[in-house]
Every structure is written in structure tokens, then in C-alpha cells.
file run-v7.cif (mmCIF, C-alpha atoms and all ligand atoms)
data_structure
loop_
_atom_site.label_atom_id
_atom_site.label_comp_id
_atom_site.auth_asym_id
_atom_site.auth_seq_id
_atom_site.Cartn_x
_atom_site.Cartn_y
_atom_site.Cartn_z
CA MET C 1 25.41 84.34 -23.45
CA PRO C 2 23.45 81.04 -23.09
CA ILE C 3 19.76 81.07 -24.02
CA ASP C 4 17.40 81.20 -21.02
CA TYR C 5 14.89 78.50 -21.98
CA VAL C 6 13.07 78.61 -18.64
CA ALA C 7 12.16 82.30 -18.76
CA GLY C 8 10.60 82.06 -22.22
CA ARG C 9 8.74 78.77 -21.88
CA PRO C 10 4.96 79.25 -22.31
CA PHE C 11 4.43 76.19 -20.08
CA TYR C 12 5.75 78.32 -17.19
CA GLY C 13 4.44 81.63 -18.51
CA GLU C 14 1.42 82.53 -20.63
CA TYR C 15 0.06 78.96 -20.26
CA ALA C 16 0.83 78.64 -16.54
CA TRP C 17 -2.94 78.39 -16.01
CA ALA C 18 -2.87 75.09 -17.94
CA TYR C 19 0.04 73.49 -16.04
CA ASP C 20 -2.07 71.48 -13.58
CA LEU C 21 -4.44 70.44 -16.34
CA ILE C 22 -1.61 68.97 -18.41
CA ILE C 23 0.56 67.43 -15.70
CA SER C 24 -1.00 64.98 -13.31
CA ARG C 25 1.05 63.37 -10.57
CA ASN C 26 0.23 61.52 -7.41
CA HIS C 27 1.29 64.28 -4.98
CA ARG C 28 -0.10 62.49 -1.98
CA GLN C 29 1.82 59.28 -2.60
CA GLU C 30 5.02 61.13 -3.48
CA CYS C 31 4.80 63.28 -0.35
CA ALA C 32 4.19 60.15 1.75
CA PHE C 33 7.52 58.85 0.43
CA ILE C 34 9.21 62.20 1.09
CA GLU C 35 7.89 62.16 4.65
CA GLN C 36 9.07 58.59 5.11
CA VAL C 37 12.59 59.51 3.94
CA LEU C 38 12.69 62.55 6.22
CA THR C 39 11.45 60.55 9.20
CA GLY C 40 14.18 57.99 8.54
CA LEU C 41 16.71 60.81 8.76
CA GLY C 42 15.27 62.06 12.04
CA ILE C 43 13.53 65.01 10.39
CA GLY C 44 9.97 65.06 11.68
CA ARG C 45 6.85 67.10 11.02
CA ASP C 46 7.33 70.76 11.90
CA ALA C 47 10.68 70.73 10.06
CA ALA C 48 11.38 73.59 7.64
CA ILE C 49 11.40 72.51 3.98
CA LEU C 50 12.26 74.55 0.91
CA ASP C 51 10.49 73.39 -2.25
CA ALA C 52 13.01 74.55 -4.84
CA GLY C 53 11.24 75.10 -8.15
CA CYS C 54 7.82 74.66 -6.57
CA GLY C 55 5.80 75.51 -9.69
CA THR C 56 2.09 75.61 -8.90
CA GLY C 57 2.74 74.59 -5.30
CA SER C 58 1.01 71.20 -5.15
CA TYR C 59 3.82 69.65 -3.11
CA CYS C 60 3.96 72.68 -0.81
CA VAL C 61 0.27 72.30 -0.04
CA GLU C 62 0.44 68.55 0.55
CA LEU C 63 3.53 68.79 2.78
CA THR C 64 2.10 71.73 4.74
CA GLN C 65 -1.06 69.71 5.34
CA ARG C 66 1.18 66.99 6.77
CA GLY C 67 2.54 69.47 9.32
CA PHE C 68 5.80 70.62 7.70
CA ARG C 69 6.72 74.32 7.49
CA VAL C 70 7.15 74.73 3.77
CA THR C 71 8.39 77.62 1.67
CA GLY C 72 8.14 77.50 -2.11
CA ILE C 73 10.54 79.27 -4.44
CA ASP C 74 10.31 79.53 -8.21
CA ARG C 75 11.45 81.79 -11.02
CA SER C 76 8.05 81.82 -12.69
CA SER C 77 5.85 84.53 -11.20
CA GLN C 78 2.93 83.16 -13.26
CA LEU C 79 3.19 79.66 -11.76
CA LEU C 80 3.62 81.22 -8.31
CA MET C 81 0.36 83.09 -8.77
CA PHE C 82 -1.43 79.72 -9.10
CA ALA C 83 0.53 78.32 -6.15
CA ARG C 84 -0.65 81.20 -3.96
CA LYS C 85 -4.25 80.69 -5.09
CA LYS C 86 -4.01 76.96 -4.36
CA ALA C 87 -2.69 77.55 -0.85
CA ALA C 88 -5.36 80.16 -0.14
CA ALA C 89 -8.10 77.81 -1.38
CA ALA C 90 -6.79 75.17 1.04
CA GLY C 91 -6.80 77.73 3.87
CA LEU C 92 -3.02 77.56 4.25
CA GLU C 93 -0.46 80.32 4.68
CA ILE C 94 2.54 79.27 2.67
CA PRO C 95 5.32 81.70 1.79
CA PHE C 96 6.03 81.67 -1.95
CA VAL C 97 9.14 83.48 -3.10
CA ASP C 98 9.96 84.64 -6.59
CA GLY C 99 13.61 83.66 -6.92
CA ASP C 100 16.37 81.66 -8.56
CA ILE C 101 17.40 78.37 -6.97
CA LEU C 102 20.91 78.89 -8.33
CA SER C 103 21.57 81.79 -5.98
CA LEU C 104 19.89 81.03 -2.64
CA GLU C 105 21.08 83.32 0.15
CA VAL C 106 22.92 81.75 3.06
CA ASP C 107 20.65 81.33 6.09
CA ARG C 108 21.04 77.67 7.13
CA GLN C 109 17.50 77.57 8.49
CA TYR C 110 16.14 74.68 6.44
CA ASP C 111 16.02 71.04 7.53
CA ALA C 112 15.35 69.81 4.01
CA VAL C 113 15.21 70.86 0.38
CA MET C 114 13.04 69.15 -2.18
CA CYS C 115 13.51 69.76 -5.85
CA ARG C 116 11.16 67.83 -8.08
CA GLY C 117 11.41 67.83 -11.84
CA VAL C 118 13.51 70.99 -12.00
CA LEU C 119 17.14 70.11 -12.61
CA ASN C 120 16.65 68.96 -16.22
CA ASP C 121 15.97 72.63 -16.94
CA LEU C 122 19.62 73.38 -16.08
CA VAL C 123 21.57 72.84 -19.26
CA GLU C 124 24.86 74.58 -18.50
CA GLU C 125 27.54 72.52 -16.76
CA ARG C 126 28.33 75.24 -14.24
CA ASP C 127 24.64 75.55 -13.21
CA ARG C 128 24.40 71.78 -12.70
CA ILE C 129 27.25 72.05 -10.20
CA GLN C 130 26.26 75.40 -8.66
CA VAL C 131 22.69 74.37 -7.84
CA PHE C 132 23.86 71.89 -5.19
CA ARG C 133 26.17 74.47 -3.64
CA SER C 134 23.22 76.84 -3.56
CA PHE C 135 21.14 74.24 -1.67
CA THR C 136 23.90 73.88 0.93
CA ALA C 137 23.70 77.62 1.63
CA ILE C 138 20.23 77.33 3.12
CA LEU C 139 20.47 73.87 4.72
CA ARG C 140 21.71 73.10 8.20
CA LEU C 141 24.31 70.35 8.62
CA GLY C 142 22.49 67.02 8.64
CA GLY C 143 19.75 68.53 6.49
CA ALA C 144 18.27 66.45 3.68
CA LEU C 145 17.97 66.86 -0.07
CA ILE C 146 15.29 64.99 -2.03
CA LEU C 147 15.01 65.45 -5.78
CA ASP C 148 14.19 63.80 -9.05
CA VAL C 149 15.63 64.18 -12.51
CA ARG C 150 15.34 62.47 -15.87
CA ASP C 151 17.61 59.46 -16.16
CA TRP C 152 19.39 59.71 -19.52
CA GLU C 153 19.56 55.99 -20.34
CA LYS C 154 15.92 55.37 -19.48
CA THR C 155 14.82 58.54 -21.26
CA VAL C 156 16.57 57.36 -24.46
CA LYS C 157 14.45 54.20 -24.32
CA THR C 158 11.15 55.89 -23.48
CA LYS C 159 11.54 58.75 -25.95
CA LYS C 160 12.69 56.43 -28.77
CA ALA C 161 9.58 54.38 -28.21
CA LYS C 162 7.23 57.33 -27.68
CA PRO C 163 8.58 60.75 -28.71
CA LEU C 164 5.14 62.37 -28.68
CA PHE C 165 3.01 63.42 -25.70
CA HIS C 166 -0.44 64.77 -26.51
CA LYS C 167 -3.21 65.79 -24.17
CA GLU C 168 -6.59 67.43 -24.72
CA VAL C 169 -8.64 68.93 -21.93
CA ASP C 170 -12.04 70.61 -22.03
CA VAL C 171 -11.68 74.08 -20.52
CA ASP C 172 -14.90 76.08 -20.29
CA GLY C 173 -16.35 74.30 -23.32
CA ASP C 174 -13.27 74.68 -25.55
CA ILE C 175 -10.45 72.20 -26.02
CA LEU C 176 -7.00 72.98 -24.70
CA GLU C 177 -4.49 70.96 -26.75
CA PHE C 178 -0.96 70.35 -25.60
CA THR C 179 1.64 68.51 -27.68
CA SER C 180 5.25 67.89 -26.81
CA LYS C 181 7.63 66.26 -29.33
CA SER C 182 11.07 65.21 -28.12
CA LYS C 183 14.15 64.52 -30.22
CA LEU C 184 17.16 62.86 -28.63
CA ASP C 185 20.53 64.56 -29.04
CA LEU C 186 22.79 61.62 -28.21
CA THR C 187 26.00 63.66 -28.38
CA ASN C 188 25.01 66.22 -25.76
CA ARG C 189 22.58 64.17 -23.65
CA PHE C 190 19.90 66.71 -24.60
CA LEU C 191 16.23 66.34 -25.19
CA ARG C 192 15.30 68.82 -27.92
CA VAL C 193 11.67 69.56 -27.24
CA HIS C 194 9.05 71.19 -29.43
CA GLU C 195 5.99 72.22 -27.39
CA LYS C 196 2.65 73.39 -28.70
CA HIS C 197 -0.28 74.83 -26.76
CA LYS C 198 -3.51 75.52 -28.60
CA TYR C 199 -6.56 77.09 -27.02
CA ARG C 200 -9.35 78.93 -28.81
CA ASP C 201 -7.65 81.24 -31.36
CA ASP C 202 -4.23 81.06 -29.75
CA ILE C 203 -1.42 78.77 -30.82
CA SER C 204 1.88 78.94 -29.01
CA LEU C 205 4.98 77.08 -30.27
CA TYR C 206 8.21 76.75 -28.34
CA ASP C 207 11.52 74.94 -28.92
CA PHE C 208 13.91 74.36 -26.08
CA ILE C 209 16.48 71.99 -24.62
CA MET C 210 16.43 69.87 -21.48
CA LYS C 211 19.49 68.04 -20.27
CA CYS C 212 19.02 64.63 -18.68
CA TRP C 213 21.24 63.20 -15.94
CA THR C 214 23.30 60.10 -15.41
CA LYS C 215 23.51 58.61 -11.95
CA GLU C 216 27.26 59.28 -12.02
CA GLU C 217 26.88 63.00 -12.72
CA LEU C 218 24.18 63.38 -10.10
CA VAL C 219 26.11 61.62 -7.36
CA ARG C 220 29.35 63.40 -8.32
CA ASN C 221 27.75 66.85 -8.15
CA MET C 222 25.94 66.10 -4.89
CA ASN C 223 29.16 64.77 -3.33
CA ALA C 224 31.14 67.78 -4.53
CA ALA C 225 28.74 70.09 -2.68
CA GLY C 226 29.02 68.13 0.59
CA PHE C 227 26.09 65.68 0.35
CA GLY C 228 26.61 62.09 1.46
CA ASP C 229 24.55 59.01 2.38
CA ILE C 230 23.12 59.26 -1.13
CA GLU C 231 20.40 56.81 -2.10
CA LEU C 232 18.88 56.42 -5.55
CA PHE C 233 15.38 55.16 -6.38
CA ASP C 234 13.36 54.69 -9.58
CA SER C 235 10.45 56.75 -8.31
CA TYR C 236 8.91 58.14 -5.12
CA THR C 237 8.51 54.70 -3.68
CA PRO C 238 10.91 52.53 -1.70
CA LYS C 239 10.04 49.58 -3.97
CA SER C 240 12.03 49.26 -7.16
CA VAL C 241 9.86 49.59 -10.27
CA PRO C 242 12.38 48.83 -13.03
CA ASN C 243 11.53 50.16 -16.50
CA LYS C 244 8.34 51.80 -15.25
CA THR C 245 9.81 55.30 -14.97
CA ASP C 246 12.52 57.31 -16.68
CA ARG C 247 13.47 59.18 -13.50
CA ILE C 248 16.09 59.05 -10.81
CA VAL C 249 14.87 59.99 -7.35
CA ALA C 250 17.84 60.85 -5.14
CA THR C 251 18.11 61.53 -1.43
CA GLY C 252 21.16 62.75 0.44
CA VAL C 253 22.29 64.35 3.67
CA LEU C 254 24.44 67.47 4.02
CA MET C 255 27.62 66.17 5.67
CA ALA C 256 29.96 69.13 5.36
CA PHE C 257 30.01 72.75 4.27
CA ILE C 258 32.46 72.93 1.40
CA SER C 259 33.78 76.34 0.47
CA ALA C 260 33.75 77.17 -3.23
C1 LIG O 1 8.60 70.84 -14.39
S1 LIG O 1 8.32 72.18 -13.29
C2 LIG O 1 8.12 71.32 -11.72
C3 LIG O 1 7.33 72.14 -10.72
C4 LIG O 1 7.11 71.46 -9.36
N1 LIG O 1 8.36 71.11 -8.72
C5 LIG O 1 6.24 70.23 -9.51
O1 LIG O 1 6.76 69.12 -9.45
O2 LIG O 1 5.03 70.39 -9.68
C6 LIG O 1 9.92 72.92 -13.13
C7 LIG O 1 9.89 74.20 -12.32
O3 LIG O 1 11.21 74.63 -12.07
C8 LIG O 1 11.23 76.05 -12.15
N2 LIG O 1 12.62 76.46 -12.36
C9 LIG O 1 13.46 76.07 -13.35
N3 LIG O 1 14.66 76.65 -13.19
C10 LIG O 1 14.60 77.41 -12.07
C11 LIG O 1 15.52 78.24 -11.36
N4 LIG O 1 16.78 78.42 -11.81
N5 LIG O 1 15.12 78.85 -10.24
C12 LIG O 1 13.83 78.70 -9.78
N6 LIG O 1 12.92 77.93 -10.40
C13 LIG O 1 13.30 77.28 -11.53
C14 LIG O 1 10.28 76.37 -13.26
O4 LIG O 1 9.84 77.70 -13.24
C15 LIG O 1 9.17 75.35 -12.99
O5 LIG O 1 8.23 75.85 -12.09
#

call {"tool": "encode", "arguments": {"input": "run-v7.cif", "output": "C-alpha cells", "more": "lines below"}}
Ligand SMILES: C[S@@+](CC[C@H](N)C(=O)[O-])C[C@H]1O[C@@H](n2cnc3c(N)ncnc32)[C@H](O)[C@@H]1O
result
Amino acid sequence: MPIDYVAGRPFYGEYAWAYDLIISRNHRQECAFIEQVLTGLGIGRDAAILDAGCGTGSYCVELTQRGFRVTGIDRSSQLLMFARKKAAAAGLEIPFVDGDILSLEVDRQYDAVMCRGVLNDLVEERDRIQVFRSFTAILRLGGALILDVRDWEKTVKTKKAKPLFHKEVDVDGDILEFTSKSKLDLTNRFLRVHEKHKYRDDISLYDFIMKCWTKEELVRNMNAAGFGDIELFDSYTPKSVPNKTDRIVATGVLMAFISA
């Protein structure tokens, strides 16, 4: 039985409250790009979007404020608790579902799926294929998929140069410390990560594996599930920013329902 790294990760569990303090992204700019891609595909505001692996819901809030009908789904009930609080604080009613993106139920009601920063958590080959089939179960034909993953080649460069990420934040007068050390496993295309959270008297240590992607694997798995018109970017911007990021942002359109 493979180890379930996601379920045990303090980052998504006991330290879910610290997630937004540790990770800062430009949600507004990234959602502007997502909207631009959707508009280009004829998917306008009011479209139904599933945010697969929504975490603390920042993208759900931003896209809902832009007029989309967004549902968030995640396996971490702790992160979802913060997503629900965030939506309520913004005065928005956003459905957040506790569920697994690998087994979405067929309903074909969504115009788009977004999946940001999630698919590196899938380490098993069969899950990396299944997840795209799962997305097709809830998308209509012509629906869009927008996602980002870690690019293996670029990650090798960035993590060789800088294997350590450290952040300190003042929380109620005490320092929250987060450290993440990554080791490259060149044989398996794994990042072996050692994470440490420290706050007041608590220290939490966690070792787990992420698996990065190559463009070939990503396109192959998207194609195999019925996605076409695939475009790849360096980040959530139409302009190329070579060597600035270690991500692949991919967009695609569901062209055909392919039976398993
Ligand atoms: C790095 S976080 C990104 C969260 C959010 N997309 C964002 O960009 O802020 C990855 C998220 O994927 C979720 N996740 C990983 N595997 C999942 C699965 N099989 N089903 C549902 N959620 C999953 C985790 O719980 C976590 O919230």
C-alpha cells in the first residue's frame, strides 16, 4: 500500500492555519490570466468552475468576485475550514466540498477545472493518469482545464542552487518558523522534502515525496484523457519569463470523452 503523504502533511493539517502566512502568491494576477484564457475559449463570467485542490480558497474567492460560479474541492478538511472562513469574510457563498480529486463523480456540469499546485502531490503513476480522467467526468465537452505543476528540469536547477526555503512570521507576538529542505532524487524524478514548522513550544517535522512533471508526461496524460489544444506557459502570464519560474502552466480543452 503506497504511503499517503497528503493526509499526514502538517502543512495541510495541524498547521493549516499557517498556510497563507507561509505561501504568498499573486492571486489577482493569476486569476486575471485564468480569466483571459477562459475568455479566449469562449467561456465567460458566470461559467461554472471547479477549483480542484482549492486549499484555503484564495483562488475561489478571487474568481467568484470576478463573476464566476466557483466550487472548491479539497481533501484537507482543515484547509477547507480556512477557505470557508475566507469566503464568509468576503461576503461570498462558495460551496466547498471535502473530497478527492481522483474520484470526481460524473455530472458534466462544469465549464472549467483549475488545479493549481496540486498534481506534484500525486506520486503514483496510476494517479497521475487517473486525475485527468477524473476531471473529464465533471467537465462538459469543450470545457477547459487550467493547471500548474513543477517542471522537473527547471526544479533540478532551482533546487540545486537553493535547496532551502525558510520563512519567519510574527504571529500574535511569537515567531512562526517554517523550513523546507529539498533533496533531488534524479532516478525517480522525486523531490524528497523535509518540512519543519516551529511555533511556541511545538515543533513538527515531516518527510515526504513530491513528483515533478516533464512537459511530455503532462501532455501525454492530458491527451490520453481527451484534452486537446494544449498550450504550455512558464507562469500565469501570456509572456514568456524563461528561467524565472520552475513551473509549467498548462491549458487544454476537453475534445472527447474517452472511456477507460
Ligand atoms: C500546494 S496546495 C495548493 C492549494 C491551492 N490550489 C492554492 O494554490 O492555494 C495543494 C492542495 O492540494 C490538495 N490535494 C492534494 N491531493 C489531493 C487530492 N487527491 N484530492 C483533493 N485535494 C488534494 C491538498 O490538500 C492541498 O490543499

call {"tool": "residues_around", "arguments": {"input": "run-v7.cif", "residues": "Met114 of chain C", "least_positions_apart": "6", "cutoff": "7 Å", "atoms": "only C-alpha atoms", "output": "VMD selection string"}}
result
chain C and resid 50 to 52 145 to 147

call {"tool": "residues_near_ligand", "arguments": {"input": "run-v7.cif", "ligand": "ligand LIG 1 (chain O)", "cutoff": "6 Å", "atoms": "all atoms listed in the file", "output": "MDAnalysis selection string"}}
result
chainID C and resid 6 12 53:55 74:76 99:102 116:118 121

call {"tool": "write_last_selection", "arguments": {"input": "run-v7.cif", "atoms": "C-alpha atoms", "output": "JSON list (two decimals), in the coordinates of the input"}}
result
[["chain", "number", "residue", "atom", "x", "y", "z"],
["C", 6, "VAL", "CA", 13.07, 78.61, -18.64],
["C", 12, "TYR", "CA", 5.75, 78.32, -17.19],
["C", 53, "GLY", "CA", 11.24, 75.10, -8.15],
["C", 54, "CYS", "CA", 7.82, 74.66, -6.57],
["C", 55, "GLY", "CA", 5.80, 75.51, -9.69],
["C", 74, "ASP", "CA", 10.31, 79.53, -8.21],
["C", 75, "ARG", "CA", 11.45, 81.79, -11.02],
["C", 76, "SER", "CA", 8.05, 81.82, -12.69],
["C", 99, "GLY", "CA", 13.61, 83.66, -6.92],
["C", 100, "ASP", "CA", 16.37, 81.66, -8.56],
["C", 101, "ILE", "CA", 17.40, 78.37, -6.97],
["C", 102, "LEU", "CA", 20.91, 78.89, -8.33],
["C", 116, "ARG", "CA", 11.16, 67.83, -8.08],
["C", 117, "GLY", "CA", 11.41, 67.83, -11.84],
["C", 118, "VAL", "CA", 13.51, 70.99, -12.00],
["C", 121, "ASP", "CA", 15.97, 72.63, -16.94]]

call {"tool": "residues_around", "arguments": {"input": "run-v7.cif", "residues": "Pro2 of chain C", "least_positions_apart": "4", "cutoff": "12 Å", "atoms": "all atoms listed in the file", "output": "ChimeraX atom specification"}}
result
/C:6,122-127,209

call {"tool": "residues_around", "arguments": {"input": "run-v7.cif", "residues": "segment 77-90 of chain C", "least_positions_apart": "5", "cutoff": "6 Å", "atoms": "only C-alpha atoms", "output": "PyMOL selection string"}}
result
chain C and resi 13+16+55-57

call {"tool": "atom_distance", "arguments": {"input": "run-v7.cif", "atom1": "atom CA of Tyr59 of chain C", "atom2": "atom CA of His27 of chain C"}}
result
6.2 Å

call {"tool": "closest_atom_pairs", "arguments": {"input": "run-v7.cif", "of": "segment 144-218 of chain C", "to": "segment 222-241 of chain C", "cutoff": "9 Å", "atoms": "all atoms listed in the file", "output": "JSON lines"}}
result
{"residue": "C:Ala144", "atom": "CA", "partner": "C:Phe227", "partner_atom": "CA", "distance": 8.5}
{"residue": "C:Leu145", "atom": "CA", "partner": "C:Phe227", "partner_atom": "CA", "distance": 8.2}
{"residue": "C:Asp148", "atom": "CA", "partner": "C:Ser235", "partner_atom": "CA", "distance": 8.0}
{"residue": "C:Lys215", "atom": "CA", "partner": "C:Leu232", "partner_atom": "CA", "distance": 8.2}
{"residue": "C:Glu217", "atom": "CA", "partner": "C:Met222", "partner_atom": "CA", "distance": 8.5}
{"residue": "C:Leu218", "atom": "CA", "partner": "C:Met222", "partner_atom": "CA", "distance": 6.1}

call {"tool": "write_last_selection", "arguments": {"input": "run-v7.cif", "atoms": "C-alpha atoms", "output": "short mmCIF file (atom, residue, chain, number, x, y, z; two decimals), in the coordinates of the input"}}
result
data_model
loop_
_atom_site.label_atom_id
_atom_site.label_comp_id
_atom_site.auth_asym_id
_atom_site.auth_seq_id
_atom_site.Cartn_x
_atom_site.Cartn_y
_atom_site.Cartn_z
CA ALA C 144 18.27 66.45 3.68
CA LEU C 145 17.97 66.86 -0.07
CA ASP C 148 14.19 63.80 -9.05
CA LYS C 215 23.51 58.61 -11.95
CA GLU C 217 26.88 63.00 -12.72
CA LEU C 218 24.18 63.38 -10.10
#

call {"tool": "closest_residue", "arguments": {"input": "run-v7.cif", "among": "C:Ser24, C:Phe68, C:Arg200, C:Thr187", "to": "Thr39 of chain C", "atoms": "all atoms listed in the file"}}
result
C:Phe68

call {"tool": "closest_residue", "arguments": {"input": "run-v7.cif", "among": "C:Lys198, C:Tyr19, C:Ile138, C:Lys181", "to": "Glu168 of chain C", "atoms": "only C-alpha atoms"}}
result
C:Lys198

call {"tool": "atom_distance", "arguments": {"input": "run-v7.cif", "atom1": "atom CA of Ile73 of chain C", "atom2": "atom CA of Gln29 of chain C"}}
result
21.9 Å

call {"tool": "atom_distance", "arguments": {"input": "run-v7.cif", "atom1": "atom CA of Ser180 of chain C", "atom2": "atom CA of Asp201 of chain C"}}
result
19.1 Å

call {"tool": "closest_residue", "arguments": {"input": "run-v7.cif", "among": "C:Leu184, C:Asn221, C:Tyr206, C:Gln36", "to": "Gln130 of chain C", "atoms": "all atoms listed in the file"}}
result
C:Asn221

call {"tool": "closest_residue", "arguments": {"input": "run-v7.cif", "among": "C:Leu139, C:Met210, C:Leu205, C:Leu164", "to": "Ala256 of chain C", "atoms": "all atoms listed in the file"}}
result
C:Leu139

call {"tool": "residues_near_point", "arguments": {"input": "run-v7.cif", "point": "(20.3, 59.8, -24.2)", "cutoff": "7 Å", "atoms": "all atoms listed in the file", "output": "list in words"}}
result
Trp152, Glu153, Thr155, Val156, Leu184, Asp185, Leu186, Arg189 and Phe190 of chain C

call {"tool": "residues_around", "arguments": {"input": "run-v7.cif", "residues": "Thr179 of chain C", "least_positions_apart": "4", "cutoff": "8 Å", "atoms": "only C-alpha atoms", "output": "compact mmCIF listing (two decimals) with C-alpha atoms, in the coordinates of the input"}}
result
# COMPACT_ATOMS: atom_id res chain seq x y z
CA LEU C 164 5.14 62.37 -28.68
CA PHE C 165 3.01 63.42 -25.70
CA HIS C 166 -0.44 64.77 -26.51
CA LYS C 167 -3.21 65.79 -24.17
CA GLU C 195 5.99 72.22 -27.39
CA LYS C 196 2.65 73.39 -28.70
CA HIS C 197 -0.28 74.83 -26.76

call {"tool": "residues_around", "arguments": {"input": "run-v7.cif", "residues": "Gly142 of chain C", "least_positions_apart": "4", "cutoff": "12 Å", "atoms": "only C-alpha atoms", "output": "list in words"}}
result
Leu38, Leu41, Gly42, Ile43, Arg108, Gln109, Tyr110, Asp111, Ala112, Val113, Thr136, Ile138, Gly226, Phe227, Gly228, Asp229, Gly252, Val253, Leu254, Met255, Ala256 and Phe257 of chain C

call {"tool": "closest_residue", "arguments": {"input": "run-v7.cif", "among": "C:Lys244, C:Val219, C:Lys162, C:Tyr199", "to": "Ile175 of chain C", "atoms": "only C-alpha atoms"}}
result
C:Tyr199

call {"tool": "decode", "arguments": {"input": "run-v7.cif", "residues": "segment 173-200 of chain C", "atoms": "N, CA and C atoms", "output": "short mmCIF file (atom, residue, chain, number, x, y, z; two decimals), in the first residue's frame"}}
result
data_model
loop_
_atom_site.label_atom_id
_atom_site.label_comp_id
_atom_site.auth_asym_id
_atom_site.auth_seq_id
_atom_site.Cartn_x
_atom_site.Cartn_y
_atom_site.Cartn_z
N GLY C 173 2.76 37.91 18.40
CA GLY C 173 3.91 38.19 19.26
C GLY C 173 4.91 37.06 19.36
N ASP C 174 4.64 35.90 18.76
CA ASP C 174 5.62 34.81 18.73
C ASP C 174 5.96 34.49 17.28
N ILE C 175 7.16 33.94 17.09
CA ILE C 175 7.61 33.69 15.71
C ILE C 175 7.21 32.29 15.25
N LEU C 176 6.50 32.26 14.13
CA LEU C 176 6.26 31.01 13.43
C LEU C 176 7.42 30.83 12.46
N GLU C 177 8.10 29.66 12.58
CA GLU C 177 9.22 29.37 11.67
C GLU C 177 8.84 28.22 10.77
N PHE C 178 9.08 28.39 9.50
CA PHE C 178 8.84 27.28 8.56
C PHE C 178 10.11 27.06 7.75
N THR C 179 10.55 25.80 7.69
CA THR C 179 11.72 25.46 6.89
C THR C 179 11.39 24.26 6.01
N SER C 180 11.80 24.35 4.77
CA SER C 180 11.58 23.22 3.86
C SER C 180 12.91 22.95 3.14
N LYS C 181 13.41 21.71 3.31
CA LYS C 181 14.68 21.33 2.66
C LYS C 181 14.38 20.28 1.61
N SER C 182 14.82 20.51 0.39
CA SER C 182 14.51 19.55 -0.69
C SER C 182 15.77 18.85 -1.17
N LYS C 183 15.65 17.53 -1.34
CA LYS C 183 16.75 16.76 -1.95
C LYS C 183 16.23 16.20 -3.26
N LEU C 184 17.04 16.28 -4.30
CA LEU C 184 16.62 15.77 -5.60
C LEU C 184 16.89 14.27 -5.69
N ASP C 185 15.90 13.53 -6.12
CA ASP C 185 16.09 12.10 -6.41
C ASP C 185 16.02 11.99 -7.93
N LEU C 186 17.21 11.99 -8.55
CA LEU C 186 17.29 12.09 -10.01
C LEU C 186 16.78 10.84 -10.71
N THR C 187 16.82 9.70 -10.01
CA THR C 187 16.36 8.46 -10.63
C THR C 187 14.85 8.46 -10.80
N ASN C 188 14.16 8.91 -9.76
CA ASN C 188 12.68 8.81 -9.75
C ASN C 188 11.96 10.11 -10.09
N ARG C 189 12.70 11.17 -10.34
CA ARG C 189 12.12 12.49 -10.58
C ARG C 189 11.33 12.97 -9.35
N PHE C 190 11.86 12.60 -8.18
CA PHE C 190 11.22 12.99 -6.91
C PHE C 190 11.93 14.19 -6.30
N LEU C 191 11.15 14.95 -5.57
CA LEU C 191 11.74 15.88 -4.60
C LEU C 191 11.49 15.25 -3.25
N ARG C 192 12.55 14.97 -2.51
CA ARG C 192 12.39 14.43 -1.15
C ARG C 192 12.46 15.61 -0.20
N VAL C 193 11.35 15.89 0.44
CA VAL C 193 11.23 17.15 1.18
C VAL C 193 11.16 16.88 2.69
N HIS C 194 11.93 17.69 3.42
CA HIS C 194 11.87 17.65 4.88
C HIS C 194 11.30 19.00 5.33
N GLU C 195 10.14 18.98 5.95
CA GLU C 195 9.48 20.22 6.37
C GLU C 195 9.49 20.35 7.89
N LYS C 196 9.70 21.59 8.33
CA LYS C 196 9.67 21.83 9.78
C LYS C 196 8.82 23.07 10.06
N HIS C 197 7.86 22.91 10.96
CA HIS C 197 7.12 24.06 11.49
C HIS C 197 7.53 24.20 12.95
N LYS C 198 7.73 25.42 13.38
CA LYS C 198 8.02 25.64 14.80
C LYS C 198 7.21 26.84 15.25
N TYR C 199 6.43 26.64 16.29
CA TYR C 199 5.66 27.77 16.84
C TYR C 199 5.48 27.54 18.34
N ARG C 200 5.89 28.55 19.11
CA ARG C 200 5.86 28.44 20.57
C ARG C 200 6.55 27.14 20.99
#
